[in-house]
$ cat entry_4.txt   # compact mmCIF, C-alpha atoms
# COMPACT_ATOMS: atom_id res chain seq x y z
CA MET C 18 100.60 95.28 132.52
CA THR C 19 97.16 94.03 131.49
CA GLU C 20 97.43 91.17 129.05
CA ILE C 21 94.61 90.55 126.58
CA LEU C 22 94.13 87.41 124.52
CA PHE C 23 92.54 88.64 121.30
CA ILE C 24 90.99 85.99 119.07
CA GLU C 25 90.62 87.79 115.74
CA PRO C 26 90.97 85.96 112.41
CA ASP C 27 91.31 89.03 110.22
CA ARG C 28 94.86 90.28 109.92
CA VAL C 29 94.00 93.91 109.13
CA LEU C 30 91.71 94.24 112.13
CA ALA C 31 94.15 92.35 114.35
CA LYS C 32 96.93 94.81 113.46
CA THR C 33 94.59 97.76 113.99
CA TYR C 34 93.57 96.55 117.47
CA HIS C 35 97.18 95.77 118.23
CA ASP C 36 98.45 99.23 117.33
CA TYR C 37 95.63 101.03 119.15
CA PHE C 38 95.70 99.07 122.39
CA THR C 39 99.48 98.76 122.57
CA GLU C 40 99.67 102.55 122.53
CA LYS C 41 97.12 102.58 125.35
CA GLY C 42 99.47 100.47 127.45
CA PHE C 43 98.00 96.99 127.03
CA LYS C 44 99.87 93.86 126.09
CA LEU C 45 98.01 91.93 123.40
CA ARG C 46 98.40 88.39 122.15
CA PHE C 47 96.62 87.51 118.91
CA THR C 48 95.47 84.35 117.24
CA GLY C 49 92.81 83.55 114.67
CA LYS C 50 92.27 79.93 115.66
CA ALA C 51 90.39 78.42 118.58
CA GLN C 52 92.89 75.66 119.31
CA GLU C 53 95.82 78.06 119.27
CA ALA C 54 93.87 80.34 121.59
CA ILE C 55 93.60 77.56 124.19
CA ALA C 56 97.34 76.93 123.91
CA LEU C 57 98.08 80.67 124.24
CA ALA C 58 95.77 81.02 127.25
CA ASP C 59 97.63 78.16 128.88
CA LYS C 60 100.93 79.93 128.24
CA ILE C 61 100.06 83.46 129.34
CA THR C 62 96.90 83.27 131.53
CA PRO C 63 95.34 86.47 130.17
CA ASP C 64 93.49 89.11 132.20
CA LEU C 65 90.82 89.30 129.53
CA VAL C 66 89.74 87.43 126.39
CA ILE C 67 88.21 89.19 123.38
CA LEU C 68 86.62 86.72 121.02
CA GLU C 69 85.30 86.66 117.44
CA LEU C 70 82.79 83.85 116.99
CA GLN C 71 83.37 83.24 113.28
CA LEU C 72 86.54 81.21 113.20
CA LYS C 73 87.86 78.53 110.92
CA ILE C 74 87.41 74.82 111.90
CA HIS C 75 86.34 75.39 115.56
CA ASN C 76 84.14 78.42 116.11
CA GLY C 77 84.16 80.85 119.02
CA ILE C 78 81.46 78.98 120.93
CA ASP C 79 83.53 75.77 120.70
CA PHE C 80 86.42 77.76 122.13
CA LEU C 81 84.30 79.12 124.97
CA TYR C 82 83.02 75.68 126.01
CA GLU C 83 86.56 74.38 126.15
CA PHE C 84 87.93 77.52 127.82
CA ARG C 85 85.30 77.42 130.56
CA SER C 86 85.89 73.72 131.18
CA TYR C 87 89.22 74.52 132.91
CA PRO C 88 88.85 75.52 136.59
CA ASP C 89 91.71 78.05 136.41
CA TRP C 90 90.00 80.09 133.73
CA GLN C 91 86.55 80.48 135.29
CA ASP C 92 87.10 84.07 136.39
CA ILE C 93 88.79 85.41 133.28
CA PRO C 94 86.28 87.77 131.64
CA VAL C 95 85.33 87.20 128.03
CA ILE C 96 84.02 89.88 125.69
CA ILE C 97 82.50 88.67 122.44
CA LEU C 98 83.39 91.13 119.68
CA THR C 99 81.91 89.64 116.55
CA MET C 100 80.56 90.10 113.04
CA VAL C 101 77.57 87.91 114.05
CA PRO C 102 74.67 90.37 114.30
CA PRO C 103 72.56 90.69 117.48
CA ASN C 104 69.51 88.99 115.99
CA GLU C 105 71.60 85.86 115.36
CA PHE C 106 73.32 85.81 118.71
CA PRO C 107 71.63 83.72 121.44
CA GLN C 108 69.73 85.96 123.87
CA ASP C 109 69.12 83.13 126.34
CA LYS C 110 70.40 84.27 129.76
CA GLU C 111 71.22 80.73 130.80
CA PHE C 112 73.52 80.42 127.80
CA TRP C 113 75.33 83.64 128.77
CA LYS C 114 75.55 82.54 132.39
CA SER C 115 76.80 79.04 131.64
CA LEU C 116 79.65 80.40 129.52
CA LYS C 117 80.22 83.48 131.70
CA ILE C 118 80.05 85.89 128.79
CA HIS C 119 80.71 89.35 130.11
CA LYS C 120 79.47 91.24 127.09
CA TYR C 121 78.40 90.76 123.47
CA MET C 122 79.52 93.52 121.09
CA TYR C 123 78.61 93.75 117.40
CA LYS C 124 81.92 94.52 115.69
CA PRO C 125 80.67 96.82 112.88
CA LYS C 126 79.20 99.18 115.50
CA ILE C 127 82.00 99.15 118.06
CA LYS C 128 84.63 101.82 117.58
CA LEU C 129 88.09 101.37 119.04
CA ASN C 130 87.35 104.00 121.67
CA SER C 131 84.12 102.26 122.79
CA LEU C 132 86.00 99.01 123.17
CA PHE C 133 88.71 100.80 125.16
CA ILE C 134 86.10 102.27 127.53
CA GLU C 135 84.44 98.87 127.93
CA ILE C 136 87.74 97.17 128.71
CA ASN C 137 88.69 99.82 131.28
CA GLU C 138 85.31 99.55 133.01
CA LEU C 139 85.57 95.79 133.09
CA LEU C 140 89.08 95.81 134.49
CA ALA C 141 88.09 98.40 137.12
CA GLN C 142 85.22 96.12 138.27
CA LYS C 143 87.60 93.21 138.42
CA THR C 144 90.03 94.99 140.74
CA LEU C 145 87.30 96.18 143.14
CA MET Y 16 76.86 72.24 88.31
CA LYS Y 17 74.01 74.47 89.43
CA ASP Y 18 73.43 77.81 87.79
CA ILE Y 19 74.05 80.39 90.50
CA HIS Y 20 71.12 82.52 89.34
CA ASN Y 21 68.78 79.51 89.47
CA THR Y 22 70.35 78.31 92.70
CA VAL Y 23 69.54 81.49 94.51
CA GLY Y 24 66.27 82.08 92.69
CA ALA Y 25 67.18 85.69 92.17
CA ASP Y 26 70.20 87.93 92.61
CA GLN Y 27 68.90 89.16 95.96
CA TYR Y 28 70.66 86.38 97.85
CA LEU Y 29 73.90 87.12 96.06
CA LEU Y 30 73.42 90.79 96.87
CA LYS Y 31 72.76 89.97 100.55
CA SER Y 32 75.84 87.79 100.60
CA ILE Y 33 77.92 90.63 99.11
CA ALA Y 34 76.46 93.12 101.58
CA GLU Y 35 77.51 90.83 104.43
CA GLU Y 36 80.94 90.39 102.89
CA LEU Y 37 81.41 94.14 102.43
CA ARG Y 38 81.01 94.68 106.16
CA LEU Y 39 84.57 93.49 106.69
CA PRO Y 40 86.40 95.99 104.42
CA LEU Y 41 84.15 98.77 105.66
CA VAL Y 42 84.84 97.92 109.30
CA GLN Y 43 88.56 97.76 108.45
CA ILE Y 44 88.41 101.21 106.83
CA SER Y 45 86.46 102.70 109.72
CA ARG Y 46 88.76 101.32 112.41
CA LEU Y 47 91.93 102.24 110.47
CA ALA Y 48 90.62 105.78 110.05
CA GLU Y 49 89.93 105.97 113.79
CA LEU Y 50 93.39 104.60 114.54
CA SER Y 51 95.00 107.14 112.22
CA GLN Y 52 93.26 109.98 114.06
CA ALA Y 53 94.06 108.61 117.49
CA SER Y 54 97.66 107.75 116.90
CA LYS Y 55 100.68 108.77 114.89
CA TYR Y 56 101.75 105.17 114.72
CA ASP Y 57 102.46 103.84 111.22
CA PHE Y 58 100.22 106.34 109.43
CA ALA Y 59 101.45 105.44 105.91
CA SER Y 60 100.80 101.76 106.51
CA ASN Y 61 97.25 102.53 107.70
CA ILE Y 62 96.58 104.51 104.53
CA ARG Y 63 97.84 101.59 102.39
CA SER Y 64 95.56 99.21 104.28
CA ILE Y 65 92.59 101.56 103.83
CA GLU Y 66 93.33 101.67 100.10
CA SER Y 67 93.51 97.86 99.85
CA SER Y 68 90.28 97.37 101.79
CA ALA Y 69 88.46 99.92 99.65
CA ASP Y 70 89.83 98.39 96.42
CA LEU Y 71 88.63 94.93 97.43
CA ALA Y 72 85.15 96.25 98.19
CA ILE Y 73 84.99 98.13 94.86
CA GLN Y 74 86.19 95.05 92.96
CA LEU Y 75 83.50 92.87 94.49
CA LEU Y 76 80.74 95.39 93.75
CA GLU Y 77 81.90 95.99 90.17
CA SER Y 78 82.02 92.26 89.54
CA PHE Y 79 78.53 91.75 90.94
CA ILE Y 80 77.19 94.50 88.67
CA LEU Y 81 78.92 92.94 85.66
CA GLY Y 82 77.48 89.51 86.48
CA VAL Y 83 73.96 90.90 86.83
CA GLU Y 84 74.22 92.92 83.60
CA PHE Y 85 75.44 89.87 81.70
CA SER Y 86 72.79 87.56 83.09
CA ASP Y 87 70.00 90.09 82.48
CA ARG Y 88 71.35 90.70 78.98
CA GLN Y 89 71.73 94.42 79.80
CA ARG Y 90 75.25 94.18 78.51
CA GLU Y 91 76.47 92.35 75.44
CA ILE Y 92 79.18 89.79 76.07
CA GLU Y 93 81.59 90.67 73.28
CA LEU Y 94 83.92 87.85 72.36
CA SER Y 95 87.36 88.15 70.84
CA PRO Y 96 90.37 85.85 70.42
CA ILE Y 97 92.29 85.73 73.68
CA THR Y 98 94.62 83.40 75.52
CA ILE Y 99 93.71 82.45 79.06
CA GLY Y 100 97.40 82.54 79.97
CA ALA Y 101 97.47 86.26 79.22
CA VAL Y 102 94.42 86.83 81.43
CA MET Y 103 95.98 84.86 84.30
CA ASN Y 104 99.25 86.73 83.92
CA ASP Y 105 97.36 90.02 84.16
CA VAL Y 106 95.42 88.85 87.25
CA ALA Y 107 98.58 87.64 88.97
CA HIS Y 108 100.31 90.97 88.40
CA GLN Y 109 97.35 92.93 89.66
CA LEU Y 110 97.28 90.87 92.85
CA HIS Y 111 100.95 91.22 93.62
CA ARG Y 112 100.56 93.82 96.37
CA LEU Y 113 97.58 92.18 98.08
CA ALA Y 114 99.36 88.83 98.03
CA SER Y 115 102.51 90.20 99.57
CA GLN Y 116 100.52 92.11 102.25
CA ASN Y 117 99.00 88.77 103.24
CA ASP Y 118 102.19 86.66 103.05
CA TYR Y 119 101.16 84.84 99.89
CA ASP Y 120 103.62 83.81 97.19
CA ILE Y 121 102.21 83.96 93.67
CA GLU Y 122 103.07 81.33 91.11
CA LEU Y 123 102.10 81.27 87.44
CA SER Y 124 102.00 77.93 85.66
CA ILE Y 125 100.98 78.50 82.06
CA LYS Y 126 101.22 75.29 80.07
CA SER Y 127 98.91 76.14 77.24
CA ALA Y 128 98.86 79.08 74.86
CA HIS Y 129 95.92 77.98 72.71
CA PRO Y 130 93.66 80.87 71.77
CA ILE Y 131 90.00 80.82 72.71
CA MET Y 132 87.03 83.05 72.02
CA GLY Y 133 86.19 84.95 75.18
CA ASN Y 134 85.63 88.25 76.90
CA TYR Y 135 88.98 89.26 78.38
CA GLU Y 136 87.69 91.73 80.99
CA ALA Y 137 84.90 89.48 82.25
CA ILE Y 138 87.17 86.46 82.59
CA LYS Y 139 89.79 88.60 84.30
CA MET Y 140 87.19 89.89 86.76
CA ALA Y 141 86.01 86.37 87.54
CA TYR Y 142 89.55 85.16 88.28
CA LEU Y 143 90.40 88.28 90.27
CA ASN Y 144 87.45 87.51 92.52
CA ILE Y 145 88.48 83.89 92.98
CA ALA Y 146 92.03 84.92 93.88
CA HIS Y 147 90.90 87.76 96.17
CA THR Y 148 88.67 85.33 98.00
CA ILE Y 149 91.42 82.76 98.46
CA ILE Y 150 93.86 85.39 99.75
CA THR Y 151 91.50 87.29 102.04
CA GLY Y 152 89.61 84.15 103.09
CA ASP Y 153 92.61 83.07 105.09
CA ASN Y 154 94.62 86.16 105.83
CA SER Y 155 95.47 85.23 109.39
CA SER Y 156 99.09 85.87 110.23
CA ASP Y 157 99.49 83.23 112.89
CA GLY Y 158 100.22 80.33 110.54
CA LYS Y 159 103.81 79.15 110.41
CA LYS Y 160 103.47 77.83 106.87
CA ARG Y 161 104.21 80.16 103.94
CA LYS Y 162 101.06 80.47 101.85
CA SER Y 163 100.97 80.23 98.10
CA ILE Y 164 98.49 80.85 95.34
CA VAL Y 165 98.95 79.24 91.93
CA PHE Y 166 97.43 80.46 88.66
CA ALA Y 167 97.44 77.52 86.29
CA VAL Y 168 96.47 77.07 82.66
CA TYR Y 169 96.80 73.65 81.06
CA ASN Y 170 95.19 71.46 78.43
CA ARG Y 171 92.74 68.74 79.23
CA GLY Y 172 91.47 67.08 76.04
CA PRO Y 173 89.80 69.61 73.78
CA LYS Y 174 89.67 72.19 76.56
CA ASN Y 175 91.86 74.76 78.25
CA MET Y 176 91.66 74.45 82.02
CA ALA Y 177 92.23 77.65 83.97
CA GLY Y 178 92.25 77.55 87.74
CA VAL Y 179 93.37 79.32 90.88
CA TYR Y 180 94.74 77.08 93.62
CA GLY Y 181 95.90 77.68 97.16
CA ASN Y 182 98.01 75.57 99.49
CA ASN Y 183 95.75 76.67 102.36
CA LEU Y 184 92.48 75.92 100.60
CA GLN Y 185 90.58 72.72 101.42
CA ILE Y 186 87.76 73.01 98.91
CA SER Y 187 86.37 69.73 97.55
CA LYS Y 188 83.55 68.72 95.21
CA SER Y 189 81.25 67.93 98.13
CA SER Y 190 82.11 71.05 100.16
CA TRP Y 191 81.55 73.23 97.06
CA GLU Y 192 78.19 71.57 96.37
CA LYS Y 193 77.20 72.07 100.01
CA SER Y 194 78.23 75.72 99.85
CA LEU Y 195 76.03 76.25 96.79
CA ALA Y 196 73.17 74.38 98.46
CA ILE Y 197 73.25 76.51 101.62
CA PHE Y 198 74.03 79.70 99.71
CA ASP Y 199 70.77 81.45 100.64
CA ARG Y 200 70.66 80.29 104.26
CA SER Y 201 74.10 80.27 105.78
CA ARG Y 202 76.33 83.07 107.01
CA GLN Y 203 79.49 80.99 106.82
CA LYS Y 204 79.02 79.47 103.38
CA MET Y 205 82.59 78.30 102.97
CA PRO Y 206 83.99 76.24 105.86
CA ASP Y 207 87.54 77.31 104.91
CA PHE Y 208 86.89 80.96 105.64
CA SER Y 209 86.26 82.85 108.85
CA SER Y 210 86.22 86.60 108.21
CA ILE Y 211 84.52 86.47 104.83
CA ASN Y 212 81.74 84.32 103.41
CA GLY Y 213 83.26 83.56 100.01
CA SER Y 214 81.00 85.84 97.96
CA GLY Y 215 83.84 86.36 95.48
CA PHE Y 216 83.54 82.70 94.45
CA PHE Y 217 79.81 83.11 93.84
CA VAL Y 218 80.25 86.34 91.91
CA ALA Y 219 82.91 84.65 89.74
CA THR Y 220 80.51 81.74 89.21
CA SER Y 221 77.82 84.16 88.14
CA ILE Y 222 80.11 85.92 85.60
CA LEU Y 223 81.39 82.65 84.15
CA GLU Y 224 77.89 81.16 83.95
CA SER Y 225 76.78 84.08 81.81
CA MET Y 226 79.42 82.89 79.33
CA SER Y 227 78.18 79.28 79.65
CA LEU Y 228 81.22 78.30 81.69
CA SER Y 229 81.14 76.59 85.04
CA LEU Y 230 83.47 76.83 87.99
CA ASN Y 231 84.35 73.55 89.62
CA PRO Y 232 86.62 72.31 92.40
CA SER Y 233 89.87 71.06 90.99
CA LYS Y 234 93.33 69.99 92.05
CA TYR Y 235 96.66 71.05 90.63
CA ARG Y 236 100.02 69.77 91.89
CA GLY Y 237 98.48 68.87 95.23
CA HIS Y 238 96.85 72.28 95.71
CA LYS Y 239 93.08 72.62 95.78
CA GLY Y 240 91.19 75.36 94.02
CA LEU Y 241 88.54 76.28 91.52
CA ALA Y 242 88.86 75.98 87.76
CA ALA Y 243 86.81 76.43 84.60
CA ALA Y 244 87.18 74.57 81.30
CA PHE Y 245 87.35 76.76 78.20
CA PRO Y 246 86.59 75.05 74.87
CA LEU Y 247 89.37 75.53 72.35
CA SER Y 248 88.44 77.17 69.11
CA GLN Y 249 89.26 74.93 66.13
CA GLN Y 250 89.22 77.87 63.73
CA LEU Y 251 91.58 79.96 65.84
CA GLN Y 252 94.05 77.11 66.04
CA LEU Y 253 94.33 77.15 62.25
CA ILE Y 254 95.37 80.80 62.24

$ encode --input "entry_4.txt" --output "structure tokens"
Amino acid sequence: MTEILFIEPDRVLAKTYHDYFTEKGFKLRFTGKAQEAIALADKITPDLVILELQLKIHNGIDFLYEFRSYPDWQDIPVIILTMVPPNEFPQDKEFWKSLKIHKYMYKPKIKLNSLFIEINELLAQKTL
Amino acid sequence: MKDIHNTVGADQYLLKSIAEELRLPLVQISRLAELSQASKYDFASNIRSIESSADLAIQLLESFILGVEFSDRQREIELSPITIGAVMNDVAHQLHRLASQNDYDIELSIKSAHPIMGNYEAIKMAYLNIAHTIITGDNSSDGKKRKSIVFAVYNRGPKNMAGVYGNNLQISKSSWEKSLAIFDRSRQKMPDFSSINGSGFFVATSILESMSLSLNPSKYRGHKGLAAAFPLSQQLQLI
């Protein structure tokens, strides 16, 4: 079963994603904090990470730098699903490459179904 | 303490801040509606969540409108004898459902019943916004610690202090001043919050400032929060 580490600080959205993707057959692990996300990743080694950038204390970029510093986690894809709008998200390709960001998605415009399609496509590429 | 209307120059920054803040409840409503159509899972709970998200958005907008109308003198601030304890009691009761949905315990600590001259509805709206912001500002469910919110009213010299405090809130004098200073520039104005930007605090500040009251960081029984000092009415105390 595909296991997703979902870093989402809002409880209502976390429950919504949980209910939707659990019914689709995924196993989800949630946290709203960057440090806890590192600990969870260590425990479960997820197939995919979905990350909100606006977190308390350490933000999502802090998390990504730490996450990518571990050799075992280099190939785990990361989707950024965030409230930070596109014009405020770095467009620099080197930045994306250095942190191996698979995709940036602006949360207000991404329906559950679009996220589901994106995840399936990503996982299909991974297994090829 | 800075006047929020002078701080931001105009209400447009407050409006932008509110627009950014309203994205969250609207995204919640949209995703919950999609979930409800896609799944039969927990339909009643989804509807309750939609209702809560919509209510929070309405509350924030109504409060902003009230603050603007007061500051522009479009609406008269009618004063009458009230007790702040009664206002806080009302706010605490109104928040009961939201608090329990977010694992917050509510505590009322009313240690003063002195009457003051004030506008009951405006003060209630200001404190509702403060409490909403504290509860929704940290609504993550992954904390092990039980969260609590305290509504306190107590005397300090010739004034009635009324504050809302949270055991998860880390607000201090310097962090509050920084938040006001970066109000028009920063997305994450309050370092304590992730999903929201704390607009409810600024809207409450705006309402209280129109009544010549200021909201300041304060501490109560080890909990941090925001409080305002209400001057006691000498005449009312004689009644």

$ interface_residues --input "entry_4.txt" --of "chain Y" --to "chain C" --cutoff "10 Å" --atoms "all atoms listed in the file" --output "CSV table (one decimal) with C-alpha atoms, keeping the file's coordinate frame"
chain,number,residue,atom,x,y,z
Y,35,GLU,CA,77.5,90.8,104.4
Y,38,ARG,CA,81.0,94.7,106.2
Y,39,LEU,CA,84.6,93.5,106.7
Y,40,PRO,CA,86.4,96.0,104.4
Y,41,LEU,CA,84.2,98.8,105.7
Y,42,VAL,CA,84.8,97.9,109.3
Y,43,GLN,CA,88.6,97.8,108.4
Y,44,ILE,CA,88.4,101.2,106.8
Y,45,SER,CA,86.5,102.7,109.7
Y,46,ARG,CA,88.8,101.3,112.4
Y,47,LEU,CA,91.9,102.2,110.5
Y,48,ALA,CA,90.6,105.8,110.0
Y,49,GLU,CA,89.9,106.0,113.8
Y,50,LEU,CA,93.4,104.6,114.5
Y,51,SER,CA,95.0,107.1,112.2
Y,53,ALA,CA,94.1,108.6,117.5
Y,54,SER,CA,97.7,107.8,116.9
Y,55,LYS,CA,100.7,108.8,114.9
Y,56,TYR,CA,101.8,105.2,114.7
Y,57,ASP,CA,102.5,103.8,111.2
Y,61,ASN,CA,97.2,102.5,107.7
Y,64,SER,CA,95.6,99.2,104.3
Y,65,ILE,CA,92.6,101.6,103.8
Y,68,SER,CA,90.3,97.4,101.8
Y,116,GLN,CA,100.5,92.1,102.2
Y,117,ASN,CA,99.0,88.8,103.2
Y,151,THR,CA,91.5,87.3,102.0
Y,152,GLY,CA,89.6,84.2,103.1
Y,153,ASP,CA,92.6,83.1,105.1
Y,154,ASN,CA,94.6,86.2,105.8
Y,155,SER,CA,95.5,85.2,109.4
Y,156,SER,CA,99.1,85.9,110.2
Y,157,ASP,CA,99.5,83.2,112.9
Y,158,GLY,CA,100.2,80.3,110.5
Y,202,ARG,CA,76.3,83.1,107.0
Y,203,GLN,CA,79.5,81.0,106.8
Y,205,MET,CA,82.6,78.3,103.0
Y,206,PRO,CA,84.0,76.2,105.9
Y,207,ASP,CA,87.5,77.3,104.9
Y,208,PHE,CA,86.9,81.0,105.6
Y,209,SER,CA,86.3,82.8,108.8
Y,210,SER,CA,86.2,86.6,108.2
Y,211,ILE,CA,84.5,86.5,104.8

$ closest_residue --input "entry_4.txt" --among "C:Asn104, C:Thr19, C:Ser115, C:Asn137" --to "C:Ile61" --atoms "only C-alpha atoms"
C:Thr19

$ atom_distance --input "entry_4.txt" --atom1 "atom CA of Y:Tyr135" --atom2 "atom CA of Y:Phe245"
12.6 Å

$ atom_distance --input "entry_4.txt" --atom1 "atom CA of Y:Arg171" --atom2 "atom CA of Y:Ile145"
20.9 Å

$ atom_distance --input "entry_4.txt" --atom1 "atom CA of C:Ile93" --atom2 "atom CA of C:Ile134"
18.0 Å

$ residues_around --input "entry_4.txt" --residues "Y:Ser214" --least-positions-apart "4" --cutoff "12 Å" --atoms "only C-alpha atoms" --output "short mmCIF file (atom, residue, chain, number, x, y, z; two decimals) with C-alpha atoms, in the coordinates of the input"
data_model
loop_
_atom_site.label_atom_id
_atom_site.label_comp_id
_atom_site.auth_asym_id
_atom_site.auth_seq_id
_atom_site.Cartn_x
_atom_site.Cartn_y
_atom_site.Cartn_z
CA ILE Y 19 74.05 80.39 90.50
CA TYR Y 28 70.66 86.38 97.85
CA LEU Y 29 73.90 87.12 96.06
CA LEU Y 30 73.42 90.79 96.87
CA LYS Y 31 72.76 89.97 100.55
CA SER Y 32 75.84 87.79 100.60
CA ILE Y 33 77.92 90.63 99.11
CA ALA Y 34 76.46 93.12 101.58
CA GLU Y 35 77.51 90.83 104.43
CA GLU Y 36 80.94 90.39 102.89
CA LEU Y 37 81.41 94.14 102.43
CA LEU Y 71 88.63 94.93 97.43
CA ALA Y 72 85.15 96.25 98.19
CA GLN Y 74 86.19 95.05 92.96
CA LEU Y 75 83.50 92.87 94.49
CA LEU Y 76 80.74 95.39 93.75
CA SER Y 78 82.02 92.26 89.54
CA PHE Y 79 78.53 91.75 90.94
CA ALA Y 141 86.01 86.37 87.54
CA ASN Y 144 87.45 87.51 92.52
CA ILE Y 145 88.48 83.89 92.98
CA ALA Y 146 92.03 84.92 93.88
CA HIS Y 147 90.90 87.76 96.17
CA THR Y 148 88.67 85.33 98.00
CA ILE Y 149 91.42 82.76 98.46
CA THR Y 151 91.50 87.29 102.04
CA GLY Y 152 89.61 84.15 103.09
CA SER Y 194 78.23 75.72 99.85
CA LEU Y 195 76.03 76.25 96.79
CA PHE Y 198 74.03 79.70 99.71
CA ASP Y 199 70.77 81.45 100.64
CA SER Y 201 74.10 80.27 105.78
CA ARG Y 202 76.33 83.07 107.01
CA GLN Y 203 79.49 80.99 106.82
CA LYS Y 204 79.02 79.47 103.38
CA MET Y 205 82.59 78.30 102.97
CA PHE Y 208 86.89 80.96 105.64
CA SER Y 210 86.22 86.60 108.21
CA VAL Y 218 80.25 86.34 91.91
CA ALA Y 219 82.91 84.65 89.74
CA THR Y 220 80.51 81.74 89.21
CA SER Y 221 77.82 84.16 88.14
#

$ residues_around --input "entry_4.txt" --residues "C:Gln108" --least-positions-apart "4" --cutoff "12 Å" --atoms "all atoms listed in the file" --output "MDAnalysis selection string"
chainID C and resid 102:104 112:114 118 120:121

$ residues_around --input "entry_4.txt" --residues "C:Asp92" --least-positions-apart "2" --cutoff "12 Å" --atoms "only C-alpha atoms" --output "PyMOL selection string"
chain C and resi 62-66+84-90+94-95+116-119+143

$ write_last_selection --input "entry_4.txt" --atoms "C-alpha atoms" --output "PDB file, in the frame of the given file"
ATOM      1  CA  THR C  62      96.900  83.270 131.530  1.00  0.00           C
ATOM      2  CA  PRO C  63      95.340  86.470 130.170  1.00  0.00           C
ATOM      3  CA  ASP C  64      93.490  89.110 132.200  1.00  0.00           C
ATOM      4  CA  LEU C  65      90.820  89.300 129.530  1.00  0.00           C
ATOM      5  CA  VAL C  66      89.740  87.430 126.390  1.00  0.00           C
ATOM      6  CA  PHE C  84      87.930  77.520 127.820  1.00  0.00           C
ATOM      7  CA  ARG C  85      85.300  77.420 130.560  1.00  0.00           C
ATOM      8  CA  SER C  86      85.890  73.720 131.180  1.00  0.00           C
ATOM      9  CA  TYR C  87      89.220  74.520 132.910  1.00  0.00           C
ATOM     10  CA  PRO C  88      88.850  75.520 136.590  1.00  0.00           C
ATOM     11  CA  ASP C  89      91.710  78.050 136.410  1.00  0.00           C
ATOM     12  CA  TRP C  90      90.000  80.090 133.730  1.00  0.00           C
ATOM     13  CA  PRO C  94      86.280  87.770 131.640  1.00  0.00           C
ATOM     14  CA  VAL C  95      85.330  87.200 128.030  1.00  0.00           C
ATOM     15  CA  LEU C 116      79.650  80.400 129.520  1.00  0.00           C
ATOM     16  CA  LYS C 117      80.220  83.480 131.700  1.00  0.00           C
ATOM     17  CA  ILE C 118      80.050  85.890 128.790  1.00  0.00           C
ATOM     18  CA  HIS C 119      80.710  89.350 130.110  1.00  0.00           C
ATOM     19  CA  LYS C 143      87.600  93.210 138.420  1.00  0.00           C
TER      20      LYS C 143
END

$ closest_residue --input "entry_4.txt" --among "Y:Leu143, Y:Leu228, Y:Ala167, Y:Leu81" --to "Y:Phe216" --atoms "all atoms listed in the file"
Y:Leu143

$ residues_around --input "entry_4.txt" --residues "Y:Ala114" --least-positions-apart "3" --cutoff "9 Å" --atoms "only C-alpha atoms" --output "list in words"
Leu110, His111, Asn117, Asp118, Tyr119, Asp120, Ile121, His147, Ile150, Thr151, Ser163 and Ile164 of chain Y

$ residues_around --input "entry_4.txt" --residues "Y:Val83" --least-positions-apart "6" --cutoff "9 Å" --atoms "all atoms listed in the file" --output "MDAnalysis selection string"
chainID Y and resid 26 89 221:222 225

$ closest_residue --input "entry_4.txt" --among "C:Gln52, C:Phe80, C:Ala58, C:Leu68" --to "C:Ile24" --atoms "only C-alpha atoms"
C:Leu68

$ closest_residue --input "entry_4.txt" --among "C:Glu20, C:Glu111, C:Glu83, C:Glu138" --to "C:Arg46" --atoms "all atoms listed in the file"
C:Glu20

$ build_atoms --input "entry_4.txt" --residues "stretch 89-98 of chain C" --atoms "N, CA and C atoms" --output "JSON list (two decimals), keeping the file's coordinate frame"
[["chain", "number", "residue", "atom", "x", "y", "z"],
["C", 89, "ASP", "N", 90.87, 76.85, 136.25],
["C", 89, "ASP", "CA", 91.71, 78.05, 136.41],
["C", 89, "ASP", "C", 91.21, 79.26, 135.61],
["C", 90, "TRP", "N", 90.40, 79.01, 134.63],
["C", 90, "TRP", "CA", 90.00, 80.09, 133.73],
["C", 90, "TRP", "C", 88.54, 80.55, 133.94],
["C", 91, "GLN", "N", 87.96, 80.14, 135.04],
["C", 91, "GLN", "CA", 86.55, 80.48, 135.29],
["C", 91, "GLN", "C", 86.32, 81.98, 135.46],
["C", 92, "ASP", "N", 87.31, 82.66, 136.06],
["C", 92, "ASP", "CA", 87.10, 84.07, 136.39],
["C", 92, "ASP", "C", 87.69, 85.04, 135.37],
["C", 93, "ILE", "N", 88.25, 84.50, 134.30],
["C", 93, "ILE", "CA", 88.79, 85.41, 133.28],
["C", 93, "ILE", "C", 87.62, 85.93, 132.43],
["C", 94, "PRO", "N", 87.42, 87.25, 132.40],
["C", 94, "PRO", "CA", 86.28, 87.77, 131.64],
["C", 94, "PRO", "C", 86.45, 87.59, 130.12],
["C", 95, "VAL", "N", 85.32, 87.36, 129.49],
["C", 95, "VAL", "CA", 85.33, 87.20, 128.03],
["C", 95, "VAL", "C", 84.35, 88.20, 127.41],
["C", 96, "ILE", "N", 84.87, 88.97, 126.48],
["C", 96, "ILE", "CA", 84.02, 89.88, 125.69],
["C", 96, "ILE", "C", 83.90, 89.27, 124.30],
["C", 97, "ILE", "N", 82.68, 89.13, 123.82],
["C", 97, "ILE", "CA", 82.50, 88.67, 122.44],
["C", 97, "ILE", "C", 82.40, 89.90, 121.55],
["C", 98, "LEU", "N", 83.36, 90.02, 120.63],
["C", 98, "LEU", "CA", 83.39, 91.13, 119.68],
["C", 98, "LEU", "C", 83.32, 90.48, 118.30]]
